[in-house]
Structure formats: C-alpha cells, structure tokens
$ cat run15.txt   # compact mmCIF, C-alpha atoms and all ligand atoms
# COMPACT_ATOMS: atom_id res chain seq x y z
CA MET J 1027 -10.37 22.16 -8.97
CA LYS J 1028 -7.28 24.00 -7.84
CA LYS J 1029 -4.67 24.67 -10.54
CA ASN J 1030 -0.90 25.15 -10.19
CA VAL J 1031 -0.60 23.21 -6.98
CA THR J 1032 2.71 23.46 -5.13
CA VAL J 1033 3.67 19.87 -4.38
CA ALA J 1034 6.42 18.46 -2.17
CA VAL J 1035 7.41 14.80 -2.38
CA VAL J 1036 9.28 13.70 0.73
CA GLY J 1037 11.30 10.53 0.13
CA ALA J 1038 11.48 11.31 -3.59
CA THR J 1039 14.50 9.06 -4.13
CA GLY J 1040 12.80 5.99 -2.64
CA ALA J 1041 10.83 3.20 -4.31
CA VAL J 1042 7.47 4.80 -3.42
CA GLY J 1043 8.54 8.44 -3.86
CA GLU J 1044 9.83 7.78 -7.35
CA THR J 1045 6.51 6.16 -8.28
CA MET J 1046 4.58 9.07 -6.75
CA LEU J 1047 6.38 11.38 -9.19
CA LYS J 1048 5.66 9.04 -12.08
CA ILE J 1049 1.96 8.83 -11.21
CA LEU J 1050 1.60 12.61 -10.69
CA ALA J 1051 2.90 13.02 -14.25
CA GLU J 1052 0.84 10.12 -15.71
CA ARG J 1053 -2.39 11.48 -14.24
CA ALA J 1054 -1.55 15.06 -15.24
CA PHE J 1055 -1.87 16.27 -11.67
CA PRO J 1056 -1.82 20.10 -11.87
CA VAL J 1057 1.67 20.52 -10.42
CA GLY J 1058 2.72 24.16 -10.40
CA GLU J 1059 5.91 24.10 -8.35
CA LEU J 1060 7.53 20.83 -7.34
CA HIS J 1061 9.94 20.20 -4.47
CA VAL J 1062 11.67 16.83 -4.28
CA LEU J 1063 13.03 16.09 -0.84
CA ALA J 1064 15.11 13.37 0.76
CA SER J 1065 17.85 13.09 3.35
CA GLU J 1066 21.18 14.89 3.31
CA ARG J 1067 22.63 11.72 1.71
CA SER J 1068 20.94 12.29 -1.64
CA ALA J 1069 20.54 16.09 -1.53
CA GLY J 1070 22.03 17.68 -4.64
CA GLY J 1071 21.26 14.63 -6.80
CA LYS J 1072 18.58 14.76 -9.47
CA VAL J 1073 15.25 13.05 -10.09
CA ASP J 1074 13.06 13.11 -13.14
CA PHE J 1075 9.53 14.50 -13.29
CA ALA J 1076 7.60 14.78 -16.55
CA GLY J 1077 10.80 14.85 -18.59
CA ARG J 1078 12.51 17.49 -16.45
CA GLN J 1079 15.27 17.08 -13.89
CA TYR J 1080 14.70 18.37 -10.36
CA VAL J 1081 17.42 18.81 -7.76
CA VAL J 1082 16.84 16.83 -4.57
CA GLN J 1083 16.71 19.08 -1.52
CA ASP J 1084 17.56 18.19 2.06
CA LEU J 1085 14.34 17.84 4.06
CA ALA J 1086 16.06 19.01 7.25
CA THR J 1087 16.77 22.49 5.87
CA PHE J 1088 13.71 22.90 3.62
CA ASP J 1089 11.17 25.65 4.36
CA PRO J 1090 7.65 24.23 3.80
CA ALA J 1091 5.95 27.65 3.49
CA GLY J 1092 3.88 27.78 0.30
CA VAL J 1093 3.52 24.01 -0.12
CA ASP J 1094 -0.11 23.02 -0.85
CA ILE J 1095 0.22 19.23 -0.86
CA ALA J 1096 3.03 17.20 0.68
CA LEU J 1097 3.30 13.51 -0.14
CA PHE J 1098 5.41 11.78 2.51
CA SER J 1099 7.05 8.38 2.07
CA ALA J 1100 10.30 8.47 4.00
CA GLY J 1101 9.44 6.28 6.98
CA GLY J 1102 7.57 6.75 10.24
CA SER J 1103 10.14 8.72 12.20
CA VAL J 1104 10.58 11.26 9.38
CA SER J 1105 6.79 11.68 9.15
CA LYS J 1106 6.44 12.08 12.91
CA GLU J 1107 8.98 14.88 12.95
CA TYR J 1108 8.22 16.73 9.71
CA ALA J 1109 4.57 16.11 8.74
CA PRO J 1110 3.23 18.36 11.56
CA LYS J 1111 5.67 21.11 10.47
CA PHE J 1112 4.40 20.97 6.88
CA ALA J 1113 0.79 20.95 8.11
CA ALA J 1114 1.47 23.94 10.40
CA ALA J 1115 2.88 25.78 7.37
CA GLY J 1116 -0.44 25.24 5.55
CA ALA J 1117 0.15 22.08 3.53
CA VAL J 1118 -2.20 19.11 3.44
CA VAL J 1119 0.05 16.15 4.22
CA ILE J 1120 -0.67 12.74 2.72
CA ASP J 1121 1.43 10.36 4.71
CA ASN J 1122 2.36 6.89 3.56
CA SER J 1123 3.93 5.83 6.86
CA SER J 1124 2.17 4.25 9.83
CA ALA J 1125 3.01 7.25 12.07
CA PHE J 1126 -0.53 8.70 12.22
CA ARG J 1127 -2.75 5.88 10.92
CA TYR J 1128 -4.35 5.09 14.26
CA ASP J 1129 -4.80 8.64 15.52
CA ASP J 1130 -8.48 9.53 15.90
CA ASP J 1131 -7.95 12.96 14.36
CA VAL J 1132 -6.21 11.62 11.25
CA PRO J 1133 -8.39 10.00 8.58
CA LEU J 1134 -7.16 6.72 7.05
CA VAL J 1135 -8.43 6.55 3.51
CA VAL J 1136 -8.63 4.16 0.56
CA SER J 1137 -9.78 6.41 -2.26
CA GLU J 1138 -12.46 3.99 -3.55
CA VAL J 1139 -13.65 2.85 -0.12
CA ASN J 1140 -14.05 5.83 2.25
CA PRO J 1141 -13.19 8.97 0.25
CA ASP J 1142 -15.46 11.22 2.32
CA ALA J 1143 -13.31 10.62 5.40
CA ALA J 1144 -10.49 12.60 3.73
CA ARG J 1145 -12.44 15.84 4.17
CA ASN J 1146 -12.31 15.69 7.94
CA ARG J 1147 -8.61 16.23 8.72
CA PRO J 1148 -8.27 18.48 11.76
CA ARG J 1149 -4.49 18.12 11.82
CA GLY J 1150 -4.05 18.68 8.10
CA ILE J 1151 -2.83 15.10 7.73
CA ILE J 1152 -4.42 12.20 5.82
CA ALA J 1153 -2.91 8.75 6.31
CA ASN J 1154 -2.42 6.33 3.46
CA PRO J 1155 -3.11 2.75 4.59
CA ASN J 1156 -0.63 -0.10 4.59
CA CYS J 1157 -0.29 -1.75 1.17
CA SER J 1158 -1.80 -5.09 2.23
CA THR J 1159 -4.84 -3.46 3.83
CA MET J 1160 -5.29 -1.20 0.81
CA GLN J 1161 -5.73 -3.94 -1.77
CA MET J 1162 -7.68 -6.22 0.55
CA LEU J 1163 -10.25 -3.53 1.32
CA ALA J 1164 -10.62 -2.35 -2.28
CA ALA J 1165 -11.85 -5.91 -2.90
CA LEU J 1166 -13.77 -6.49 0.34
CA ALA J 1167 -15.61 -3.17 0.77
CA PRO J 1168 -18.30 -3.91 -1.86
CA ILE J 1169 -18.93 -7.32 -0.27
CA HIS J 1170 -18.99 -5.80 3.22
CA ARG J 1171 -21.57 -3.22 2.15
CA GLU J 1172 -23.87 -5.92 0.79
CA ALA J 1173 -23.40 -8.85 3.16
CA GLY J 1174 -21.54 -7.53 6.23
CA ILE J 1175 -18.17 -9.11 6.89
CA GLU J 1176 -17.83 -10.73 10.31
CA ARG J 1177 -14.42 -12.29 10.02
CA ILE J 1178 -11.41 -12.19 7.71
CA ASN J 1179 -8.65 -14.78 7.56
CA VAL J 1180 -5.85 -13.58 5.34
CA ALA J 1181 -2.42 -14.88 4.38
CA THR J 1182 -0.31 -12.42 2.42
CA TYR J 1183 2.41 -13.11 -0.14
CA GLN J 1184 4.24 -9.79 -0.10
CA SER J 1185 6.89 -8.67 -2.56
CA VAL J 1186 10.20 -7.23 -1.47
CA SER J 1187 9.54 -3.78 -2.96
CA GLY J 1188 7.34 -3.12 0.07
CA THR J 1189 10.49 -3.11 2.19
CA GLY J 1190 12.16 -0.49 -0.02
CA ARG J 1191 14.96 -0.11 -2.49
CA ARG J 1192 17.58 -2.03 -0.50
CA ALA J 1193 15.32 -5.09 -0.39
CA LEU J 1194 14.86 -5.04 -4.17
CA GLU J 1195 18.65 -5.00 -4.48
CA GLU J 1196 19.00 -7.81 -1.93
CA LEU J 1197 16.65 -10.13 -3.85
CA GLY J 1198 18.53 -9.44 -7.10
CA ARG J 1199 21.95 -9.90 -5.50
CA GLN J 1200 20.97 -13.06 -3.61
CA THR J 1201 19.40 -14.63 -6.69
CA ALA J 1202 22.65 -14.11 -8.61
CA ARG J 1203 24.74 -15.41 -5.70
CA MET J 1204 22.59 -18.53 -5.25
CA LEU J 1205 22.81 -19.33 -8.96
CA ASN J 1206 26.59 -19.21 -8.55
CA PHE J 1207 26.44 -21.45 -5.43
CA GLN J 1208 27.61 -18.57 -3.22
CA ASP J 1209 26.49 -17.79 0.31
CA PRO J 1210 23.32 -15.57 0.18
CA GLN J 1211 24.57 -13.05 2.78
CA PRO J 1212 21.23 -11.71 4.10
CA GLU J 1213 21.34 -8.06 5.17
CA VAL J 1214 17.86 -6.54 4.88
CA TYR J 1215 15.90 -9.67 5.83
CA PRO J 1216 16.88 -11.90 8.76
CA VAL J 1217 17.14 -14.98 6.51
CA GLN J 1218 17.65 -15.62 2.79
CA ILE J 1219 14.77 -14.25 0.67
CA ALA J 1220 15.80 -15.59 -2.76
CA PHE J 1221 14.12 -18.97 -3.44
CA ASN J 1222 12.54 -18.81 0.03
CA VAL J 1223 9.48 -17.47 1.88
CA ILE J 1224 9.66 -15.65 5.22
CA PRO J 1225 6.66 -15.64 7.61
CA HIS J 1226 7.72 -12.41 9.24
CA GLY J 1227 6.96 -8.74 8.54
CA GLY J 1228 7.73 -5.98 11.05
CA ASP J 1229 8.34 -6.80 14.73
CA PHE J 1230 7.04 -9.61 16.89
CA LEU J 1231 4.46 -8.70 19.53
CA GLU J 1232 3.40 -10.25 22.87
CA ASN J 1233 0.41 -11.96 21.25
CA GLY J 1234 2.60 -13.83 18.76
CA TYR J 1235 1.50 -11.75 15.78
CA THR J 1236 3.76 -9.24 14.04
CA THR J 1237 3.24 -5.49 13.69
CA GLU J 1238 2.52 -5.94 9.96
CA GLU J 1239 -0.19 -8.49 10.81
CA MET J 1240 -1.80 -6.25 13.42
CA LYS J 1241 -1.92 -3.38 10.89
CA LEU J 1242 -4.39 -5.46 8.88
CA VAL J 1243 -6.58 -5.75 11.99
CA SER J 1244 -6.68 -2.11 13.11
CA GLU J 1245 -6.65 -0.51 9.66
CA THR J 1246 -9.50 -2.70 8.41
CA ARG J 1247 -11.66 -1.70 11.37
CA LYS J 1248 -10.86 2.00 11.03
CA ILE J 1249 -11.41 2.21 7.27
CA LEU J 1250 -14.64 0.18 7.25
CA GLY J 1251 -15.76 1.96 10.43
CA ASP J 1252 -16.64 -1.31 12.14
CA ASP J 1253 -14.75 -2.45 15.23
CA SER J 1254 -16.61 -5.74 15.35
CA ILE J 1255 -14.84 -7.18 12.28
CA GLN J 1256 -12.48 -9.96 13.33
CA VAL J 1257 -9.24 -10.24 11.38
CA ASN J 1258 -6.65 -13.02 11.57
CA ALA J 1259 -3.58 -12.34 9.43
CA THR J 1260 -0.35 -14.10 8.54
CA VAL J 1261 2.10 -11.87 6.67
CA VAL J 1262 4.65 -13.64 4.48
CA ARG J 1263 7.45 -12.11 2.42
CA VAL J 1264 8.04 -13.89 -0.90
CA PRO J 1265 10.78 -13.56 -3.54
CA VAL J 1266 8.71 -11.38 -5.88
CA PHE J 1267 9.94 -7.92 -6.87
CA TYR J 1268 6.64 -6.04 -7.35
CA GLY J 1269 3.06 -6.98 -6.43
CA HIS J 1270 1.49 -8.36 -3.28
CA SER J 1271 -0.90 -11.33 -3.35
CA GLU J 1272 -3.37 -12.33 -0.67
CA ALA J 1273 -5.41 -15.45 0.02
CA VAL J 1274 -8.47 -13.89 1.66
CA HIS J 1275 -11.11 -16.00 3.42
CA ILE J 1276 -14.13 -14.19 4.78
CA GLU J 1277 -17.26 -15.03 6.73
CA THR J 1278 -20.24 -12.76 6.14
CA ARG J 1279 -23.35 -12.04 8.22
CA GLU J 1280 -25.61 -12.75 5.23
CA LYS J 1281 -24.84 -15.54 2.79
CA ILE J 1282 -23.37 -14.20 -0.46
CA SER J 1283 -22.84 -16.43 -3.48
CA ALA J 1284 -19.63 -16.48 -5.48
CA ALA J 1285 -21.63 -15.32 -8.50
CA ARG J 1286 -23.00 -12.27 -6.64
CA ALA J 1287 -19.55 -11.45 -5.25
CA ARG J 1288 -18.11 -11.63 -8.76
CA GLU J 1289 -20.87 -9.32 -10.00
CA LEU J 1290 -20.24 -6.78 -7.23
CA LEU J 1291 -16.50 -6.85 -7.82
CA ALA J 1292 -16.89 -6.51 -11.59
CA SER J 1293 -18.48 -3.09 -11.06
CA ALA J 1294 -16.34 -1.99 -8.10
CA PRO J 1295 -14.11 1.03 -8.76
CA GLY J 1296 -10.41 0.22 -9.04
CA VAL J 1297 -11.07 -3.53 -9.14
CA GLU J 1298 -10.68 -5.93 -12.04
CA VAL J 1299 -11.97 -9.49 -11.91
CA VAL J 1300 -9.76 -12.17 -13.49
CA ASP J 1301 -11.49 -15.42 -12.69
CA GLU J 1302 -11.53 -18.00 -15.47
CA ARG J 1303 -11.20 -21.26 -13.48
CA ALA J 1304 -8.63 -22.44 -16.03
CA PRO J 1305 -4.83 -22.51 -16.12
CA GLY J 1306 -3.62 -18.91 -16.09
CA GLY J 1307 -7.15 -17.59 -15.56
CA TYR J 1308 -6.22 -15.87 -12.31
CA PRO J 1309 -4.15 -12.79 -11.50
CA THR J 1310 -0.49 -13.03 -10.48
CA PRO J 1311 1.96 -10.24 -9.68
CA VAL J 1312 3.97 -10.81 -12.85
CA THR J 1313 1.17 -11.46 -15.35
CA HIS J 1314 -1.26 -8.81 -14.12
CA ALA J 1315 -0.43 -6.49 -11.27
CA SER J 1316 3.15 -5.30 -11.62
CA GLY J 1317 3.19 -1.75 -13.00
CA GLN J 1318 -0.64 -1.60 -13.17
CA ASP J 1319 -3.23 0.36 -11.22
CA PRO J 1320 -6.14 -2.04 -10.55
CA VAL J 1321 -6.61 -4.45 -7.69
CA TYR J 1322 -7.10 -7.81 -9.39
CA VAL J 1323 -9.40 -10.43 -7.88
CA GLY J 1324 -9.68 -14.07 -8.88
CA ARG J 1325 -10.30 -17.57 -7.49
CA ILE J 1326 -13.67 -16.37 -6.17
CA ARG J 1327 -15.41 -19.35 -4.61
CA GLU J 1328 -17.76 -20.34 -1.82
CA ASP J 1329 -15.95 -21.82 1.16
CA ILE J 1330 -16.83 -25.52 1.41
CA SER J 1331 -16.01 -25.45 5.14
CA HIS J 1332 -18.41 -22.65 6.17
CA PRO J 1333 -22.02 -21.85 5.16
CA ARG J 1334 -21.33 -18.11 4.86
CA GLY J 1335 -17.70 -18.30 3.80
CA LEU J 1336 -16.12 -16.92 0.65
CA ALA J 1337 -12.56 -17.29 -0.63
CA LEU J 1338 -10.75 -14.83 -2.90
CA TRP J 1339 -7.29 -14.23 -4.32
CA VAL J 1340 -6.35 -10.55 -4.42
CA VAL J 1341 -3.30 -9.16 -6.23
CA ALA J 1342 -2.11 -5.56 -6.70
CA ASP J 1343 1.04 -3.57 -7.30
CA ASN J 1344 1.98 -2.64 -3.73
CA ILE J 1345 3.99 0.38 -4.82
CA ARG J 1346 1.21 1.74 -7.03
CA LYS J 1347 -2.27 1.08 -5.56
CA GLY J 1348 -0.69 -0.05 -2.30
CA ALA J 1349 1.10 3.26 -1.80
CA ALA J 1350 1.87 5.89 -4.46
CA LEU J 1351 -1.31 5.70 -6.52
CA ASN J 1352 -3.66 5.93 -3.54
CA ALA J 1353 -1.63 8.87 -2.19
CA VAL J 1354 -2.02 10.73 -5.51
CA GLN J 1355 -5.73 9.83 -5.63
CA LEU J 1356 -6.08 11.37 -2.15
CA ALA J 1357 -4.27 14.48 -3.39
CA GLU J 1358 -6.79 14.62 -6.27
CA LEU J 1359 -9.65 14.45 -3.77
CA VAL J 1360 -8.13 17.32 -1.79
CA ILE J 1361 -7.64 19.64 -4.76
CA GLY J 1362 -11.10 18.79 -6.05
CA GLU J 1363 -12.80 19.97 -2.84
P1 LIG C 1 17.65 9.05 0.80
O1 LIG C 1 17.79 8.70 -0.65
O2 LIG C 1 18.30 10.37 1.10
O3 LIG C 1 18.06 7.95 1.74
P2 LIG C 1 13.05 3.41 0.40
O4 LIG C 1 11.86 3.08 1.27
O5 LIG C 1 12.88 3.01 -1.02
O6 LIG C 1 14.32 2.92 0.99
O7 LIG C 1 13.14 5.04 0.37
C1 LIG C 1 13.16 5.83 1.52
C2 LIG C 1 13.10 7.31 1.14
O8 LIG C 1 13.06 8.09 2.35
C3 LIG C 1 14.30 7.79 0.37
O9 LIG C 1 13.92 8.80 -0.52
C4 LIG C 1 15.18 8.35 1.47
O10 LIG C 1 16.08 9.34 1.03
C5 LIG C 1 14.13 9.02 2.34
N1 LIG C 1 14.63 9.24 3.70
C6 LIG C 1 15.10 8.33 4.57
N2 LIG C 1 15.49 8.93 5.72
C7 LIG C 1 15.26 10.26 5.57
C8 LIG C 1 15.45 11.40 6.38
N3 LIG C 1 15.96 11.32 7.60
N4 LIG C 1 15.10 12.62 5.87
C9 LIG C 1 14.59 12.73 4.63
N5 LIG C 1 14.39 11.66 3.82
C10 LIG C 1 14.71 10.46 4.26
$ encode --input "run15.txt" --output "structure tokens" --more "lines below"
Ligand code: A2P
Amino acid sequence: MKKNVTVAVVGATGAVGETMLKILAERAFPVGELHVLASERSAGGKVDFAGRQYVVQDLATFDPAGVDIALFSAGGSVSKEYAPKFAAAGAVVIDNSSAFRYDDDVPLVVSEVNPDAARNRPRGIIANPNCSTMQMLAALAPIHREAGIERINVATYQSVSGTGRRALEELGRQTARMLNFQDPQPEVYPVQIAFNVIPHGGDFLENGYTTEEMKLVSETRKILGDDSIQVNATVVRVPVFYGHSEAVHIETREKISAARARELLASAPGVEVVDERAPGGYPTPVTHASGQDPVYVGRIREDISHPRGLALWVVADNIRKGAALNAVQLAELVIGE
C-alpha cells in the first residue's frame, strides 16, 4: 500500500467534502500532503483535518501537479472542467458528481459490489454512484448474485443533505418559521420542505420521470453489469436532515425466500440487518443511519402480490455511504493496488 499520499479534496467546504475529510481521518488514510479546494468565495478560509487547520485554496488557480488522489464533490460542471486536468497531471480522480457516470471509459463503483471495476480507468477517473443507487445496490447485489433480479420498483425518501448545505439550512429555517406561523419562503426547493414531502428530484424529462429517477435506472444497470434489469423509481424529498430511506420491491428470476434474503444480507459487506418485526425493530435515518457507515436493511418480506417478489426497507447515511465514505473506500482500493 502506498504511503504519504498527496490528496486533494475539491469542494472541501461542502456537506460531502467536509465528511470526506472526516472519514479520511477516521480511517487513518495515509495522507501525506493535503490540499483543500473550493471556489474563490471560500478561498482563504480554514477547514479542519485530523485536528489541524488547512487553508482553503481556490480551485481555479490551483496547480494539480503532484496530487495522487483527488476527491471531487463540487458539482457536475466543476468536475467536467477540472477532473480531466487533475487526471492529466497524474492524479486518480474519484468523482462524486454525475458528470462521468455514464461514460463507457469511466468505471462506476460501489466498493462492496464491483470493486474490480475500479482498476480499469483509462481516463484516470472513477465515478462514485448517486447516493440512492449506492445504498440500494449494497443491499440488492447479494440477492442479484443468488437469484437474479429482473425488476426493481423503488420509492425513495431522501433527506435534504443530499441537496447540499443550503438545503440543510432551508429545512432548519423553514421549521422555525412554520412553528412561528410565518411564511416558509422556499428558496432551494420549489415548494415548502418542512412538514411536507416533495415528489421531485432533479429535472423533469420527456418520459415523465425526473433525472434523479433515471439515475437509479442507468446506474443500477452499469454497476450490476446487466442491461436487462428493469427499474421503476419515484424519488421523493422528505424533511429529514441526514439519511435516505427506500422502499424497494424486487422481482427475481428464481424464487428467493425472505429467510434466505435475510441470511445473505446478514453476511453482506457493509450491510446490517435490523429486522425484528416489532415496534422500532426496523432502521430509520434518525435511530440507525445518521452518522453511521452501514447500509441498514429491514422489513424483509415476501411480496404477497407476486410469486417471486421481495420487499425491503433500506436506510443509509447519504453523505457517508452514499457519497463520502464510498469515495474514500475507492481511494483505499486505488492505493492498495
Ligand atoms: P464554496 O464554499 O466555495 O461555495 P454543497 O453541495 O454542500 O453546497 O457544497 C458544494 C461544494 O462545492 C463547496 O465546497 C463549494 O465551495 C464547492 N464549489 C462550488 N462551486 C465551485 C467552483 N466553481 N469551484 C470550486 N468549488 C466549488
């Protein structure tokens, strides 16, 4: 394993970037030099890493020469412009945006599901999947390997942290305003998010789905390497700060019992089964996932409406496993090569 790795975190002041730094320190990633980068707006400010303060540098004027690993989480347009420059300078880029996820020459990797794909990166870029796909596939991959998934019906219950720091602030501000009988004043979301649910993530497409819903379709097929898997998704934003939940209904080629699925999931890496069939015996964002690494799975049951159907409830911290943790796990794979 490589020691004294020069690491750049792009978007270091954001919700994901900040967690990337935290996780690098928690997992004792062998950081030699560290560069924390953001826009001109926050350049000159400071962020903390492993008890030390680092000055935020402006990405636009930063020279990437010498960087070994660059973790990008500053949005798609920033990745499109700067990730190839970092890769050309010799860095392996791990990109949390959707900019390169569907490119054939960029692997899309969930560390527990298709780690070998990370080795084949002709452009020096590895894409980190969307948070909802990430947790869903950590739970579904073991079942797919055993019984072959034909179809997935999923409804997500996504927390506001997935939208970024401003959305976290909006939920807090709106909650306070509503409790004081004041107008909610939506800014980040098109309608009030506090005490509400919004069936809309990303942009609307011709087919009536949204871009966030279609990510679940294409990313699932690419990561599992099976274009025949049918995916029908409804993405919903809910007034939760951290942790996405998903009601996942699958149809498999071979019948798989709930007991066998539970057994497979109990030994799956990165997955924890919480399935008591009693009040509180299931995972929720607040009681289980928030601030934690595993993907929690509960409510595992055979679908009474389909002979080869299975229903599951999947919850994970979208900022950790859904973004920052997987990115750091990919960096660990790269330095371990
Ligand atoms: P900045 O603090 O300078 O705006 P979030 O998703 O939580 O809103 O965070 C987005 C992250 O991406 C922040 O660190 C933000 O930095 C960074 N970012 C946004 N636009 C740019 C840009 N043009 N160049 C570099 N970093 C950017």
$ closest_residue --input "run15.txt" --among "J:Glu1277, J:Glu1272, J:Glu1107, J:Glu1239" --to "Thr1310 in chain J" --atoms "only C-alpha atoms"
J:Glu1272
$ closest_atom_pairs --input "run15.txt" --of "chain J" --to "ligand LIG 1 (chain C)" --cutoff "8 Å" --atoms "all atoms listed in the file" --output "JSON lines"
{"residue": "J:Val1036", "atom": "CA", "partner": "C:LIG1", "partner_atom": "N5", "distance": 6.3}
{"residue": "J:Gly1037", "atom": "CA", "partner": "C:LIG1", "partner_atom": "O9", "distance": 3.2}
{"residue": "J:Ala1038", "atom": "CA", "partner": "C:LIG1", "partner_atom": "O9", "distance": 4.7}
{"residue": "J:Thr1039", "atom": "CA", "partner": "C:LIG1", "partner_atom": "O9", "distance": 3.7}
{"residue": "J:Gly1040", "atom": "CA", "partner": "C:LIG1", "partner_atom": "O7", "distance": 3.2}
{"residue": "J:Ala1041", "atom": "CA", "partner": "C:LIG1", "partner_atom": "O5", "distance": 3.9}
{"residue": "J:Val1042", "atom": "CA", "partner": "C:LIG1", "partner_atom": "O5", "distance": 6.2}
{"residue": "J:Gly1043", "atom": "CA", "partner": "C:LIG1", "partner_atom": "O9", "distance": 6.3}
{"residue": "J:Leu1063", "atom": "CA", "partner": "C:LIG1", "partner_atom": "N5", "distance": 6.6}
{"residue": "J:Ala1064", "atom": "CA", "partner": "C:LIG1", "partner_atom": "N5", "distance": 3.6}
{"residue": "J:Ser1065", "atom": "CA", "partner": "C:LIG1", "partner_atom": "C9", "distance": 3.5}
{"residue": "J:Glu1066", "atom": "CA", "partner": "C:LIG1", "partner_atom": "O2", "distance": 5.8}
{"residue": "J:Arg1067", "atom": "CA", "partner": "C:LIG1", "partner_atom": "O2", "distance": 4.6}
{"residue": "J:Ser1068", "atom": "CA", "partner": "C:LIG1", "partner_atom": "O2", "distance": 4.3}
{"residue": "J:Ala1069", "atom": "CA", "partner": "C:LIG1", "partner_atom": "O2", "distance": 6.7}
{"residue": "J:Asp1084", "atom": "CA", "partner": "C:LIG1", "partner_atom": "C9", "distance": 6.7}
{"residue": "J:Leu1085", "atom": "CA", "partner": "C:LIG1", "partner_atom": "C9", "distance": 5.1}
{"residue": "J:Ala1086", "atom": "CA", "partner": "C:LIG1", "partner_atom": "N4", "distance": 6.6}
{"residue": "J:Ser1099", "atom": "CA", "partner": "C:LIG1", "partner_atom": "O8", "distance": 6.0}
{"residue": "J:Ala1100", "atom": "CA", "partner": "C:LIG1", "partner_atom": "O8", "distance": 3.2}
{"residue": "J:Gly1101", "atom": "CA", "partner": "C:LIG1", "partner_atom": "O8", "distance": 6.1}
{"residue": "J:Ser1103", "atom": "CA", "partner": "C:LIG1", "partner_atom": "N3", "distance": 7.9}
{"residue": "J:Val1104", "atom": "CA", "partner": "C:LIG1", "partner_atom": "N3", "distance": 5.7}
{"residue": "J:Ser1187", "atom": "CA", "partner": "C:LIG1", "partner_atom": "O5", "distance": 7.8}
{"residue": "J:Gly1188", "atom": "CA", "partner": "C:LIG1", "partner_atom": "O4", "distance": 7.8}
{"residue": "J:Thr1189", "atom": "CA", "partner": "C:LIG1", "partner_atom": "O4", "distance": 6.4}
{"residue": "J:Gly1190", "atom": "CA", "partner": "C:LIG1", "partner_atom": "O5", "distance": 3.7}
{"residue": "J:Arg1191", "atom": "CA", "partner": "C:LIG1", "partner_atom": "O5", "distance": 4.0}
{"residue": "J:Arg1192", "atom": "CA", "partner": "C:LIG1", "partner_atom": "O6", "distance": 6.1}
$ write_last_selection --input "run15.txt" --atoms "C-alpha atoms" --output "JSON list (two decimals), keeping the file's coordinate frame"
[["chain", "number", "residue", "atom", "x", "y", "z"],
["J", 1036, "VAL", "CA", 9.28, 13.70, 0.73],
["J", 1037, "GLY", "CA", 11.30, 10.53, 0.13],
["J", 1038, "ALA", "CA", 11.48, 11.31, -3.59],
["J", 1039, "THR", "CA", 14.50, 9.06, -4.13],
["J", 1040, "GLY", "CA", 12.80, 5.99, -2.64],
["J", 1041, "ALA", "CA", 10.83, 3.20, -4.31],
["J", 1042, "VAL", "CA", 7.47, 4.80, -3.42],
["J", 1043, "GLY", "CA", 8.54, 8.44, -3.86],
["J", 1063, "LEU", "CA", 13.03, 16.09, -0.84],
["J", 1064, "ALA", "CA", 15.11, 13.37, 0.76],
["J", 1065, "SER", "CA", 17.85, 13.09, 3.35],
["J", 1066, "GLU", "CA", 21.18, 14.89, 3.31],
["J", 1067, "ARG", "CA", 22.63, 11.72, 1.71],
["J", 1068, "SER", "CA", 20.94, 12.29, -1.64],
["J", 1069, "ALA", "CA", 20.54, 16.09, -1.53],
["J", 1084, "ASP", "CA", 17.56, 18.19, 2.06],
["J", 1085, "LEU", "CA", 14.34, 17.84, 4.06],
["J", 1086, "ALA", "CA", 16.06, 19.01, 7.25],
["J", 1099, "SER", "CA", 7.05, 8.38, 2.07],
["J", 1100, "ALA", "CA", 10.30, 8.47, 4.00],
["J", 1101, "GLY", "CA", 9.44, 6.28, 6.98],
["J", 1103, "SER", "CA", 10.14, 8.72, 12.20],
["J", 1104, "VAL", "CA", 10.58, 11.26, 9.38],
["J", 1187, "SER", "CA", 9.54, -3.78, -2.96],
["J", 1188, "GLY", "CA", 7.34, -3.12, 0.07],
["J", 1189, "THR", "CA", 10.49, -3.11, 2.19],
["J", 1190, "GLY", "CA", 12.16, -0.49, -0.02],
["J", 1191, "ARG", "CA", 14.96, -0.11, -2.49],
["J", 1192, "ARG", "CA", 17.58, -2.03, -0.50]]
$ residues_near_point --input "run15.txt" --point "(-13.0, -14.5, -9.5)" --cutoff "12 Å" --atoms "all atoms listed in the file" --output "mmCIF file with C-alpha atoms, in the coordinates of the input"
data_model
loop_
_atom_site.group_PDB
_atom_site.id
_atom_site.type_symbol
_atom_site.label_atom_id
_atom_site.label_comp_id
_atom_site.auth_asym_id
_atom_site.auth_seq_id
_atom_site.Cartn_x
_atom_site.Cartn_y
_atom_site.Cartn_z
ATOM 1 C CA ALA J 1165 -11.850 -5.910 -2.900
ATOM 2 C CA SER J 1283 -22.840 -16.430 -3.480
ATOM 3 C CA ALA J 1284 -19.630 -16.480 -5.480
ATOM 4 C CA ALA J 1285 -21.630 -15.320 -8.500
ATOM 5 C CA ARG J 1286 -23.000 -12.270 -6.640
ATOM 6 C CA ALA J 1287 -19.550 -11.450 -5.250
ATOM 7 C CA ARG J 1288 -18.110 -11.630 -8.760
ATOM 8 C CA GLU J 1289 -20.870 -9.320 -10.000
ATOM 9 C CA LEU J 1290 -20.240 -6.780 -7.230
ATOM 10 C CA LEU J 1291 -16.500 -6.850 -7.820
ATOM 11 C CA ALA J 1292 -16.890 -6.510 -11.590
ATOM 12 C CA VAL J 1297 -11.070 -3.530 -9.140
ATOM 13 C CA GLU J 1298 -10.680 -5.930 -12.040
ATOM 14 C CA VAL J 1299 -11.970 -9.490 -11.910
ATOM 15 C CA VAL J 1300 -9.760 -12.170 -13.490
ATOM 16 C CA ASP J 1301 -11.490 -15.420 -12.690
ATOM 17 C CA GLU J 1302 -11.530 -18.000 -15.470
ATOM 18 C CA ARG J 1303 -11.200 -21.260 -13.480
ATOM 19 C CA ALA J 1304 -8.630 -22.440 -16.030
ATOM 20 C CA GLY J 1307 -7.150 -17.590 -15.560
ATOM 21 C CA TYR J 1308 -6.220 -15.870 -12.310
ATOM 22 C CA PRO J 1309 -4.150 -12.790 -11.500
ATOM 23 C CA TYR J 1322 -7.100 -7.810 -9.390
ATOM 24 C CA VAL J 1323 -9.400 -10.430 -7.880
ATOM 25 C CA GLY J 1324 -9.680 -14.070 -8.880
ATOM 26 C CA ARG J 1325 -10.300 -17.570 -7.490
ATOM 27 C CA ILE J 1326 -13.670 -16.370 -6.170
ATOM 28 C CA ARG J 1327 -15.410 -19.350 -4.610
ATOM 29 C CA GLU J 1328 -17.760 -20.340 -1.820
ATOM 30 C CA LEU J 1336 -16.120 -16.920 0.650
ATOM 31 C CA ALA J 1337 -12.560 -17.290 -0.630
ATOM 32 C CA LEU J 1338 -10.750 -14.830 -2.900
ATOM 33 C CA TRP J 1339 -7.290 -14.230 -4.320
ATOM 34 C CA VAL J 1340 -6.350 -10.550 -4.420
ATOM 35 C CA VAL J 1341 -3.300 -9.160 -6.230
#
$ residues_near_point --input "run15.txt" --point "(12.6, 19.1, -4.7)" --cutoff "6 Å" --atoms "only C-alpha atoms" --output "JSON, numbers by chain"
{"J": [1060, 1061, 1062, 1063, 1081, 1082, 1083]}
$ residues_around --input "run15.txt" --residues "range 1178-1185 of chain J" --least-positions-apart "5" --cutoff "8 Å" --atoms "only C-alpha atoms" --output "ChimeraX atom specification"
/J:1158,1255-1277,1344
